[in-house]
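Participant: The structure file query.tsv (TSV, C-alpha atoms) is provided below.
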```tsv
chain	number	residue	atom	x	y	z
A	867	MET	CA	10.52	10.09	20.50
A	868	PHE	CA	7.14	8.94	19.22
A	869	THR	CA	3.98	10.50	20.62
A	870	ASN	CA	1.55	7.55	21.07
A	871	ASP	CA	-1.13	9.68	19.37
A	872	ARG	CA	-2.38	8.27	16.09
A	873	LYS	CA	-2.87	10.87	13.36
A	874	LYS	CA	-5.85	10.02	11.18
A	875	TYR	CA	-5.16	10.68	7.52
A	876	SER	CA	-6.93	13.86	6.37
A	877	GLY	CA	-6.19	13.72	2.63
A	878	THR	CA	-8.72	12.79	-0.06
A	879	LYS	CA	-6.54	10.32	-2.03
A	880	LEU	CA	-4.22	7.45	-1.15
A	881	TYR	CA	-1.87	5.49	-3.42
A	882	LYS	CA	-0.62	1.91	-3.52
A	883	TYR	CA	2.35	0.71	-5.58
A	884	TYR	CA	2.06	-2.69	-7.28
A	885	SER	CA	4.83	-4.82	-8.78
A	886	TYR	CA	5.18	-6.11	-12.33
A	887	ASN	CA	4.09	-9.60	-13.34
A	888	ASP	CA	4.34	-11.26	-16.76
A	889	CYS	CA	0.82	-12.55	-16.18
A	890	ILE	CA	-1.27	-9.42	-16.69
A	891	CYS	CA	-4.30	-11.05	-15.06
A	892	ASP	CA	-2.33	-11.56	-11.85
A	893	MET	CA	-0.62	-8.19	-12.08
A	894	PHE	CA	-3.87	-6.23	-12.29
A	895	ALA	CA	-5.88	-8.55	-10.02
A	896	PRO	CA	-6.50	-5.78	-7.42
A	897	VAL	CA	-8.13	-3.66	-10.16
A	898	LEU	CA	-9.95	-6.49	-11.95
A	899	ASN	CA	-11.30	-7.91	-8.69
A	900	ASN	CA	-11.81	-4.51	-7.02
A	901	THR	CA	-10.09	-5.72	-3.85
A	902	LEU	CA	-7.61	-4.44	-1.30
A	903	ARG	CA	-5.24	-6.81	0.47
A	904	TYR	CA	-4.26	-6.75	4.16
A	905	ARG	CA	-1.12	-8.79	4.97
A	906	SER	CA	0.32	-10.38	8.07
A	907	PRO	CA	3.12	-8.14	9.44
A	908	PHE	CA	5.36	-11.24	9.45
A	909	LEU	CA	5.34	-11.10	5.63
A	910	LEU	CA	6.31	-7.43	5.35
A	911	ASN	CA	9.81	-6.30	4.34
A	912	ASP	CA	10.66	-4.62	7.65
A	913	PRO	CA	11.62	-7.17	10.35
A	914	TYR	CA	10.66	-4.57	12.97
A	915	ASP	CA	7.19	-4.00	11.53
A	916	CYS	CA	4.61	-4.16	14.36
A	917	TYR	CA	7.48	-4.91	16.76
A	918	ILE	CA	7.01	-4.79	20.54
A	919	SER	CA	9.64	-5.45	23.20
A	920	SER	CA	9.57	-5.75	26.97
A	921	ASN	CA	12.01	-5.59	29.85
A	922	ILE	CA	12.08	-9.18	31.13
A	923	ASN	CA	14.41	-9.83	34.06
A	924	GLY	CA	16.51	-6.84	33.10
A	925	LYS	CA	16.81	-7.80	29.43
A	926	ILE	CA	14.99	-6.23	26.48
A	927	GLN	CA	13.28	-9.03	24.57
A	928	SER	CA	10.84	-9.14	21.67
A	929	ILE	CA	7.25	-10.11	22.50
A	930	GLY	CA	5.76	-8.98	19.19
A	931	ASN	CA	5.11	-12.35	17.58
A	932	SER	CA	2.42	-13.47	20.00
A	933	GLU	CA	0.82	-10.03	20.19
A	934	MET	CA	0.51	-9.63	16.40
A	935	GLU	CA	-0.73	-13.05	15.26
A	936	THR	CA	-4.22	-11.76	14.43
A	937	VAL	CA	-3.11	-8.42	12.94
A	938	HIS	CA	-3.16	-7.72	9.17
A	939	VAL	CA	-1.87	-4.49	7.67
A	940	CYS	CA	-2.61	-2.54	4.49
A	941	SER	CA	0.10	-0.04	3.54
A	942	MET	CA	-0.43	2.96	1.30
A	943	THR	CA	1.28	6.26	0.70
A	944	LYS	CA	0.48	9.92	0.05
A	945	THR	CA	1.91	10.36	-3.46
A	946	CYS	CA	2.15	8.57	-6.81
A	947	ASP	CA	5.45	10.15	-7.91
A	948	ASN	CA	7.96	8.95	-5.31
A	949	LEU	CA	11.02	7.70	-7.25
A	950	LEU	CA	12.16	5.40	-4.45
A	951	MET	CA	8.71	3.89	-4.05
A	952	TRP	CA	8.54	3.20	-7.78
A	953	ALA	CA	11.95	1.54	-7.59
A	954	HIS	CA	11.31	-0.53	-4.44
A	955	TYR	CA	7.64	-1.51	-4.73
A	956	ALA	CA	6.78	-1.25	-8.45
A	957	SER	CA	9.53	-3.42	-9.96
A	958	SER	CA	11.87	-0.56	-10.87
A	959	HIS	CA	9.16	1.51	-12.57
A	960	CYS	CA	7.72	-1.47	-14.52
A	961	GLY	CA	4.69	-1.84	-12.24
A	962	TYR	CA	1.82	0.54	-11.57
A	963	VAL	CA	0.13	2.66	-8.91
A	964	VAL	CA	-3.54	2.70	-7.99
A	965	GLU	CA	-5.19	5.85	-6.65
A	966	TYR	CA	-7.96	5.35	-4.08
A	967	ASP	CA	-10.72	7.62	-2.82
A	968	VAL	CA	-10.30	7.84	0.96
A	969	GLU	CA	-13.99	8.37	1.68
A	970	LYS	CA	-14.79	5.19	-0.25
A	971	LEU	CA	-12.14	3.27	1.70
A	972	LYS	CA	-13.84	4.25	4.92
A	973	LYS	CA	-16.92	2.35	3.74
A	974	MET	CA	-15.12	-1.00	3.46
A	975	LYS	CA	-17.00	-3.72	5.29
A	976	GLY	CA	-14.99	-5.97	7.57
A	977	TRP	CA	-14.47	-7.01	11.13
A	978	GLN	CA	-12.52	-4.48	13.20
A	979	ILE	CA	-10.87	-2.40	10.49
A	980	GLU	CA	-8.70	0.41	11.85
A	981	GLU	CA	-9.10	3.74	10.03
A	982	PHE	CA	-6.22	4.78	7.75
A	983	SER	CA	-3.70	6.73	9.82
A	984	GLU	CA	-0.24	8.14	9.23
A	985	VAL	CA	2.73	6.06	10.33
A	986	GLU	CA	4.96	7.78	12.88
A	987	TYR	CA	8.71	7.42	12.47
A	988	SER	CA	11.28	7.48	15.29
A	989	ASP	CA	14.32	5.72	16.71
A	990	ASP	CA	12.33	4.32	19.64
A	991	VAL	CA	11.14	0.73	19.91
A	992	VAL	CA	7.67	0.26	21.40
A	993	GLN	CA	8.04	-1.34	24.85
A	994	HIS	CA	5.26	-3.02	26.81
A	995	ASP	CA	4.97	-3.56	30.53
A	996	LEU	CA	3.83	-7.19	30.82
A	997	LEU	CA	2.33	-6.49	34.22
A	998	ASN	CA	0.01	-3.79	32.87
A	999	PHE	CA	-2.54	-5.78	30.90
A	1000	SER	CA	-4.86	-2.78	30.50
A	1001	LYS	CA	-2.31	-1.18	28.15
A	1002	THR	CA	-1.87	-4.20	25.84
A	1003	GLU	CA	-4.32	-3.10	23.12
A	1004	GLU	CA	-2.95	0.44	23.23
A	1005	LYS	CA	0.63	-0.82	22.78
A	1006	ILE	CA	-0.41	-2.98	19.84
A	1007	LEU	CA	-1.86	0.05	18.08
A	1008	TRP	CA	1.28	2.08	18.79
A	1009	ALA	CA	3.42	-0.67	17.27
A	1010	ILE	CA	1.23	-1.02	14.18
A	1011	PHE	CA	1.50	2.67	13.36
A	1012	HIS	CA	5.16	3.16	14.31
A	1013	LYS	CA	8.32	2.48	12.28
A	1014	HIS	CA	12.01	3.36	12.33
A	1015	LEU	CA	13.12	6.67	10.82
A	1016	CYS	CA	14.88	4.99	7.89
A	1017	TRP	CA	11.44	4.25	6.38
A	1018	CYS	CA	10.20	7.83	6.43
A	1019	TYR	CA	10.70	8.28	2.66
A	1020	GLU	CA	7.64	6.03	2.21
A	1021	GLN	CA	5.26	8.62	3.76
A	1022	GLU	CA	3.18	5.62	4.75
A	1023	VAL	CA	-0.48	5.70	5.66
A	1024	ARG	CA	-1.81	2.36	6.86
A	1025	SER	CA	-4.84	0.56	8.15
A	1026	ALA	CA	-5.09	-2.69	10.08
A	1027	CYS	CA	-7.67	-5.39	10.59
A	1028	TYR	CA	-7.90	-8.34	12.96
A	1029	ASP	CA	-8.62	-11.92	11.93
A	1030	SER	CA	-7.85	-15.51	12.88
A	1031	PRO	CA	-4.15	-16.29	13.53
A	1032	GLY	CA	-2.17	-18.12	10.86
A	1033	ILE	CA	-3.76	-16.34	7.88
A	1034	ASP	CA	-1.18	-14.74	5.56
A	1035	PHE	CA	-3.51	-12.20	3.98
A	1036	LYS	CA	-7.12	-11.08	3.71
A	1037	ASP	CA	-8.74	-9.41	0.68
A	1038	PHE	CA	-11.56	-6.91	1.12
A	1039	VAL	CA	-13.98	-6.04	-1.69
A	1040	LEU	CA	-13.96	-2.29	-2.25
A	1041	PRO	CA	-17.03	-0.08	-2.65
A	1042	ASP	CA	-17.84	0.93	-6.22
A	1043	ASN	CA	-15.65	3.71	-7.63
A	1044	ALA	CA	-13.09	3.44	-4.84
A	1045	VAL	CA	-10.34	3.28	-7.49
A	1046	THR	CA	-10.07	6.72	-9.10
A	1047	ALA	CA	-6.96	6.39	-11.30
A	1048	ILE	CA	-4.23	4.03	-12.50
A	1049	TYR	CA	-0.65	5.14	-13.18
A	1050	LEU	CA	1.59	2.90	-15.28
A	1051	GLY	CA	5.30	3.01	-14.51
A	1052	SER	CA	7.69	4.81	-16.86
A	1053	HIS	CA	9.13	1.43	-17.98
A	1054	PHE	CA	5.83	-0.47	-18.22
A	1055	ILE	CA	5.12	0.17	-21.90
A	1056	ALA	CA	8.68	-0.76	-22.94
A	1057	LYS	CA	8.51	-3.86	-20.75
A	1058	ARG	CA	5.33	-4.92	-22.57
A	1059	LYS	CA	6.94	-4.14	-25.98
A	1060	GLY	CA	4.61	-1.25	-26.63
A	1061	LYS	CA	1.43	-3.16	-25.83
A	1062	ILE	CA	-1.08	-1.87	-23.29
A	1063	PRO	CA	-3.76	-4.40	-22.21
A	1064	PHE	CA	-6.98	-3.46	-23.96
A	1065	PHE	CA	-9.10	-3.89	-20.83
A	1066	LEU	CA	-7.40	-0.75	-19.47
A	1067	LYS	CA	-8.91	1.35	-22.27
A	1068	GLU	CA	-12.08	1.83	-20.22
A	1069	TRP	CA	-9.96	3.66	-17.63
A	1070	HIS	CA	-8.35	5.67	-20.42
A	1071	GLU	CA	-11.73	6.71	-21.84
A	1072	ASN	CA	-12.80	7.85	-18.37
A	1073	LYS	CA	-9.59	9.91	-18.12
A	1074	GLN	CA	-8.36	7.73	-15.26
A	1075	LEU	CA	-5.34	6.05	-16.90
A	1076	PHE	CA	-1.89	7.64	-17.05
A	1077	TYR	CA	1.74	6.70	-17.47
A	1078	MET	CA	4.62	8.24	-15.54
A	1079	GLN	CA	7.02	10.08	-17.83
A	1080	LEU	CA	10.56	11.03	-16.85
A	1081	ALA	CA	11.00	14.79	-16.63
A	1082	SER	CA	13.84	16.12	-18.78
A	1083	SER	CA	15.05	18.96	-16.56
A	1084	GLU	CA	14.79	17.46	-13.05
A	1085	TYR	CA	14.72	14.17	-11.20
A	1086	LYS	CA	11.01	13.41	-11.15
A	1087	VAL	CA	8.25	11.47	-12.88
A	1088	GLU	CA	5.07	13.13	-14.07
A	1089	PRO	CA	1.68	11.63	-14.99
A	1090	LYS	CA	0.82	11.93	-18.69
A	1091	ARG	CA	-2.25	10.93	-20.70
A	1092	ILE	CA	-1.99	7.79	-22.83
A	1093	GLU	CA	-2.58	7.98	-26.58
A	1094	ASP	CA	-5.42	6.01	-28.19
A	1095	ALA	CA	-2.99	4.44	-30.63
A	1096	TRP	CA	-1.07	2.72	-27.83
A	1097	PHE	CA	-3.86	0.22	-27.25
A	1098	ASP	CA	-3.70	-2.96	-29.28
A	1099	GLU	CA	-7.22	-4.26	-29.95
A	1100	ASN	CA	-5.75	-7.65	-30.79
A	1101	TYR	CA	-4.05	-7.72	-27.41
A	1102	LEU	CA	-7.00	-8.86	-25.31
A	1103	THR	CA	-5.47	-11.78	-23.43
A	1104	TRP	CA	-4.70	-10.91	-19.82
A	1105	GLY	CA	-2.49	-13.90	-19.11
A	1106	VAL	CA	0.30	-13.11	-21.62
```
Just dump the structure as C-alpha cells.
Facilitator:
Amino acid sequence: MFTNDRKKYSGTKLYKYYSYNDCICDMFAPVLNNTLRYRSPFLLNDPYDCYISSNINGKIQSIGNSEMETVHVCSMTKTCDNLLMWAHYASSHCGYVVEYDVEKLKKMKGWQIEEFSEVEYSDDVVQHDLLNFSKTEEKILWAIFHKHLCWCYEQEVRSACYDSPGIDFKDFVLPDNAVTAIYLGSHFIAKRKGKIPFFLKEWHENKQLFYMQLASSEYKVEPKRIEDAWFDENYLTWGV
C-alpha cells in the first residue's frame, strides 16, 4: 500500500543521469546552458507514470491522460554510482551524471514548481472518485509521486511543474553554482577515443570533474580524479 503522504527529500545532493551523444554540444547542453528539463509524463519510459484510474460503471478505467496534460516532471536520484542507472539512462556507462545542490534547486524560478520529493513505490494504482472533485488535485499529486515497485532500484526523487497542455518539455535556468560536480561514465573516455572536451577542464581545475572507474574486487563504480594529460587542448570543438 502507498501512504498518500509525500516525503520531501532531505539530502543535500541530487543526481541526474544523461545519455551519450556524438555531438558533444548537445550531450552537455544541460551543463553548458545551466538548465534543468521537466518533461511531459507521456514521454517518460514508464507507461504507468502519473497514472490515475477510476471505477466507472463497475469497470476500472484510466483517466490519467486528461488529468496530466499540464504536468511536467523532472526525475533525479540519490546516488551517482548505481550500475543499473548507468546502464539504462547513461548509454551503458558512456554518458555522464550531474550532481546538483538541493538548496540551489529550491531557488529555481518558475510557475508552480513542486518541491523535490521521494517517489513512493507500491503495487497499488492510484484511483480517483470522479464524484469527489475536492480530491482531484490531491490525487494528481499522489500519482506524480507514486510508481510500481519494479522501479524502486532508481531511488527516484522528482519534482513537477504545471504549464500549458501540449508542451513536451520545459527548461528552467538554474541558479549559479547549482551544479556541483560532473561524473563521466566508465566507458566515456574510450568512446571518445581518449579525448575529453577541453571546456570540461574548468570543472577539473575546480575539483568538480570525475570519471567512474570499475572496482577490481567488487561490482561497483567509484569516482576518480581525471589526469591533466587526458585533456586535448586541440580538441576544442564541441560538435564533434
Participant: Excluding A:Asn900 and any residue of its chain fewer than 2 positions from it, enumerate the residues within 12 Å of it, using all atoms listed in the file, and give them as an NGL selection string.
Facilitator: :A and (894-898 or 902-903 or 964 or 966 or 971 or 974 or 1037-1046)
Participant: Print the selection's residues with C-alpha atoms to a file, as a CSV table (one decimal), keeping the file's coordinate frame.
Facilitator:
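Written file, out.csv:
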```
chain,number,residue,atom,x,y,z
A,894,PHE,CA,-3.9,-6.2,-12.3
A,895,ALA,CA,-5.9,-8.6,-10.0
A,896,PRO,CA,-6.5,-5.8,-7.4
A,897,VAL,CA,-8.1,-3.7,-10.2
A,898,LEU,CA,-10.0,-6.5,-12.0
A,902,LEU,CA,-7.6,-4.4,-1.3
A,903,ARG,CA,-5.2,-6.8,0.5
A,964,VAL,CA,-3.5,2.7,-8.0
A,966,TYR,CA,-8.0,5.4,-4.1
A,971,LEU,CA,-12.1,3.3,1.7
A,974,MET,CA,-15.1,-1.0,3.5
A,1037,ASP,CA,-8.7,-9.4,0.7
A,1038,PHE,CA,-11.6,-6.9,1.1
A,1039,VAL,CA,-14.0,-6.0,-1.7
A,1040,LEU,CA,-14.0,-2.3,-2.2
A,1041,PRO,CA,-17.0,-0.1,-2.6
A,1042,ASP,CA,-17.8,0.9,-6.2
A,1043,ASN,CA,-15.6,3.7,-7.6
A,1044,ALA,CA,-13.1,3.4,-4.8
A,1045,VAL,CA,-10.3,3.3,-7.5
A,1046,THR,CA,-10.1,6.7,-9.1
```
Participant: Between A:Val937, A:Ile1010, A:Leu880, A:Val992, which one has atoms that come closest to A:Asp967, using all atoms listed in the file?
Facilitator: A:Leu880
Participant: I'd like the contact shell of A:Lys1090 - 7 Å cut-off, all atoms listed in the file, skipping same-chain residues fewer than 2 positions apart - returned as a list of chain:residue names.
Facilitator: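 With the cut-off at 7 Å, the set is A:Phe1076, A:Tyr1077, A:Met1078, A:Gln1079, A:Glu1088, A:Ile1092.
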Participant: Between A:Glu980, A:Tyr881, A:Lys970, A:Gln993, which one has atoms that come closest to A:Lys925, using only C-alpha atoms?
Facilitator: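 Answer, going by the shortest atom-to-atom distance: A:Gln993.
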Participant: One decimal, Å: what's the distance from atom CA of A:Lys879 over to atom CA of A:Thr945, could you say?
Facilitator: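 Atom CA of A:Thr945 lies 8.6 Å from atom CA of A:Lys879.
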Participant: Record the distance separating atom CA of A:Asp947 and atom CA of A:Ile1055, expressed in Å with one decimal.
Facilitator: 17.2 Å
Participant: Counting all atoms listed in the file, note down every residue that has an atom within 6 Å of the point (-2.0, 6.9, 6.6) (file coordinates), as a CSV table (one decimal) with C-alpha atoms, in the frame of the given file.
Facilitator:
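Output saved as out-v4.csv:
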```
chain,number,residue,atom,x,y,z
A,875,TYR,CA,-5.2,10.7,7.5
A,982,PHE,CA,-6.2,4.8,7.8
A,983,SER,CA,-3.7,6.7,9.8
A,984,GLU,CA,-0.2,8.1,9.2
A,1022,GLU,CA,3.2,5.6,4.8
A,1023,VAL,CA,-0.5,5.7,5.7
A,1024,ARG,CA,-1.8,2.4,6.9
```
Participant: For A:Ser906, which residue out of A:Ala1056, A:Met942, A:Cys960, A:Cys1027 is the nearest one, using only C-alpha atoms?
Facilitator: A:Cys1027
Participant: Which of these, A:Ile918, A:Phe1065, A:Arg1058, A:Leu1075, has the shortest distance to A:Cys889 once you count all atoms listed in the file?
Facilitator: A:Arg1058
Participant: Nearest to A:Leu1015 among A:Glu986, A:Glu1068, A:Glu1093, A:Glu969, with distances taken over only C-alpha atoms: which residue is it?
Facilitator: A:Glu986
Participant: Compile the contact shell of A:Leu909 as a PyMOL selection string: residues with an atom at most 9 Å away, counting only C-alpha atoms, same-chain residues fewer than 4 positions apart removed.
Facilitator: chain A and resi 905+913+1034
Participant: Go ahead and save the picked residues with C-alpha atoms, as a PDB file, in the frame of the given file.
Facilitator:
```pdb
ATOM      1  CA  ARG A 905      -1.120  -8.790   4.970  1.00  0.00           C
ATOM      2  CA  PRO A 913      11.620  -7.170  10.350  1.00  0.00           C
ATOM      3  CA  ASP A1034      -1.180 -14.740   5.560  1.00  0.00           C
TER       4      ASP A1034
END
```
Participant: Can you tell me, as a PyMOL selection string, what residues are no more than 12 Å from A:Ser957 when counting all atoms listed in the file, ignoring any on the same chain fewer than 6 positions away?
Facilitator: chain A and resi 883-888+893+949-951+963+1050-1054+1057
Participant: If you keep N, CA and C atoms, can you output stretch 1033-1072 of chain A as a CSV table (one decimal), in the first residue's frame?
Facilitator:
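See part.csv below for the written result:
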```csv
chain,number,residue,atom,x,y,z
A,1033,ILE,N,2.7,20.8,-24.4
A,1033,ILE,CA,4.2,21.2,-24.4
A,1033,ILE,C,4.9,19.9,-24.0
A,1034,ASP,N,5.9,19.5,-24.8
A,1034,ASP,CA,6.6,18.2,-24.5
A,1034,ASP,C,7.6,18.4,-23.3
A,1035,PHE,N,8.2,19.6,-23.2
A,1035,PHE,CA,9.2,19.8,-22.2
A,1035,PHE,C,9.3,21.3,-21.9
A,1036,LYS,N,9.9,21.6,-20.7
A,1036,LYS,CA,10.2,22.9,-20.3
A,1036,LYS,C,11.5,23.0,-19.6
A,1037,ASP,N,12.4,23.9,-20.0
A,1037,ASP,CA,13.7,24.1,-19.4
A,1037,ASP,C,13.7,25.2,-18.5
A,1038,PHE,N,14.3,25.0,-17.3
A,1038,PHE,CA,14.4,26.1,-16.3
A,1038,PHE,C,15.9,26.4,-16.1
A,1039,VAL,N,16.2,27.7,-16.1
A,1039,VAL,CA,17.5,28.2,-15.9
A,1039,VAL,C,17.8,28.0,-14.4
A,1040,LEU,N,19.0,27.4,-14.1
A,1040,LEU,CA,19.4,27.1,-12.7
A,1040,LEU,C,20.1,28.3,-12.1
A,1041,PRO,N,20.0,28.4,-10.7
A,1041,PRO,CA,20.8,29.4,-10.0
A,1041,PRO,C,22.2,29.1,-10.2
A,1042,ASP,N,23.1,30.1,-10.1
A,1042,ASP,CA,24.5,30.0,-10.2
A,1042,ASP,C,25.0,28.9,-9.2
A,1043,ASN,N,25.9,28.1,-9.6
A,1043,ASN,CA,26.6,27.1,-8.7
A,1043,ASN,C,25.6,26.0,-8.3
A,1044,ALA,N,24.5,25.8,-9.0
A,1044,ALA,CA,23.6,24.7,-8.7
A,1044,ALA,C,24.3,23.3,-9.0
A,1045,VAL,N,25.1,23.3,-10.1
A,1045,VAL,CA,25.8,22.1,-10.5
A,1045,VAL,C,27.1,22.1,-9.7
A,1046,THR,N,27.3,21.0,-8.9
A,1046,THR,CA,28.5,20.9,-8.0
A,1046,THR,C,29.5,19.9,-8.5
A,1047,ALA,N,29.1,19.0,-9.4
A,1047,ALA,CA,30.1,18.0,-9.9
A,1047,ALA,C,29.6,17.3,-11.2
A,1048,ILE,N,30.5,16.8,-12.0
A,1048,ILE,CA,30.2,16.1,-13.2
A,1048,ILE,C,31.0,14.8,-13.1
A,1049,TYR,N,30.3,13.6,-13.4
A,1049,TYR,CA,30.9,12.3,-13.4
A,1049,TYR,C,30.8,11.7,-14.7
A,1050,LEU,N,31.9,11.5,-15.4
A,1050,LEU,CA,31.9,10.8,-16.7
A,1050,LEU,C,31.8,9.3,-16.5
A,1051,GLY,N,31.0,8.7,-17.4
A,1051,GLY,CA,30.8,7.2,-17.3
A,1051,GLY,C,32.2,6.5,-17.5
A,1052,SER,N,32.2,5.2,-17.1
A,1052,SER,CA,33.4,4.4,-17.1
A,1052,SER,C,33.8,4.1,-18.6
A,1053,HIS,N,32.9,4.2,-19.5
A,1053,HIS,CA,33.2,4.0,-21.0
A,1053,HIS,C,33.3,5.3,-21.8
A,1054,PHE,N,33.1,6.4,-21.1
A,1054,PHE,CA,33.1,7.7,-21.9
A,1054,PHE,C,34.4,8.0,-22.6
A,1055,ILE,N,35.5,7.9,-21.8
A,1055,ILE,CA,36.8,8.2,-22.4
A,1055,ILE,C,37.2,7.3,-23.6
A,1056,ALA,N,36.9,6.0,-23.4
A,1056,ALA,CA,37.1,5.1,-24.5
A,1056,ALA,C,36.2,5.4,-25.7
A,1057,LYS,N,35.0,5.7,-25.4
A,1057,LYS,CA,34.1,6.1,-26.5
A,1057,LYS,C,34.5,7.3,-27.3
A,1058,ARG,N,35.2,8.2,-26.6
A,1058,ARG,CA,35.7,9.4,-27.3
A,1058,ARG,C,37.1,9.3,-27.7
A,1059,LYS,N,37.6,8.0,-27.7
A,1059,LYS,CA,39.0,7.7,-28.2
A,1059,LYS,C,40.0,8.5,-27.4
A,1060,GLY,N,39.8,8.5,-26.1
A,1060,GLY,CA,40.8,9.1,-25.2
A,1060,GLY,C,40.7,10.6,-25.1
A,1061,LYS,N,39.8,11.3,-25.8
A,1061,LYS,CA,39.7,12.7,-25.8
A,1061,LYS,C,38.6,13.2,-24.9
A,1062,ILE,N,39.0,14.1,-24.0
A,1062,ILE,CA,38.0,14.8,-23.1
A,1062,ILE,C,37.8,16.2,-23.6
A,1063,PRO,N,36.6,16.6,-23.8
A,1063,PRO,CA,36.4,18.0,-24.3
A,1063,PRO,C,37.1,19.0,-23.4
A,1064,PHE,N,37.8,19.9,-24.0
A,1064,PHE,CA,38.6,20.9,-23.2
A,1064,PHE,C,37.8,21.8,-22.4
A,1065,PHE,N,36.6,22.1,-22.8
A,1065,PHE,CA,35.7,23.0,-21.9
A,1065,PHE,C,35.4,22.4,-20.6
A,1066,LEU,N,35.6,21.1,-20.4
A,1066,LEU,CA,35.4,20.5,-19.1
A,1066,LEU,C,36.6,20.7,-18.1
A,1067,LYS,N,37.7,21.2,-18.7
A,1067,LYS,CA,38.9,21.4,-17.8
A,1067,LYS,C,38.6,22.3,-16.7
A,1068,GLU,N,37.7,23.3,-16.9
A,1068,GLU,CA,37.4,24.3,-15.8
A,1068,GLU,C,36.8,23.5,-14.6
A,1069,TRP,N,36.0,22.5,-14.9
A,1069,TRP,CA,35.4,21.7,-13.8
A,1069,TRP,C,36.5,20.9,-13.1
A,1070,HIS,N,37.4,20.4,-13.9
A,1070,HIS,CA,38.5,19.6,-13.4
A,1070,HIS,C,39.4,20.5,-12.5
A,1071,GLU,N,39.7,21.7,-12.9
A,1071,GLU,CA,40.5,22.6,-12.1
A,1071,GLU,C,39.9,23.0,-10.8
A,1072,ASN,N,38.5,23.0,-10.8
A,1072,ASN,CA,37.8,23.3,-9.6
A,1072,ASN,C,37.5,22.0,-8.7
```
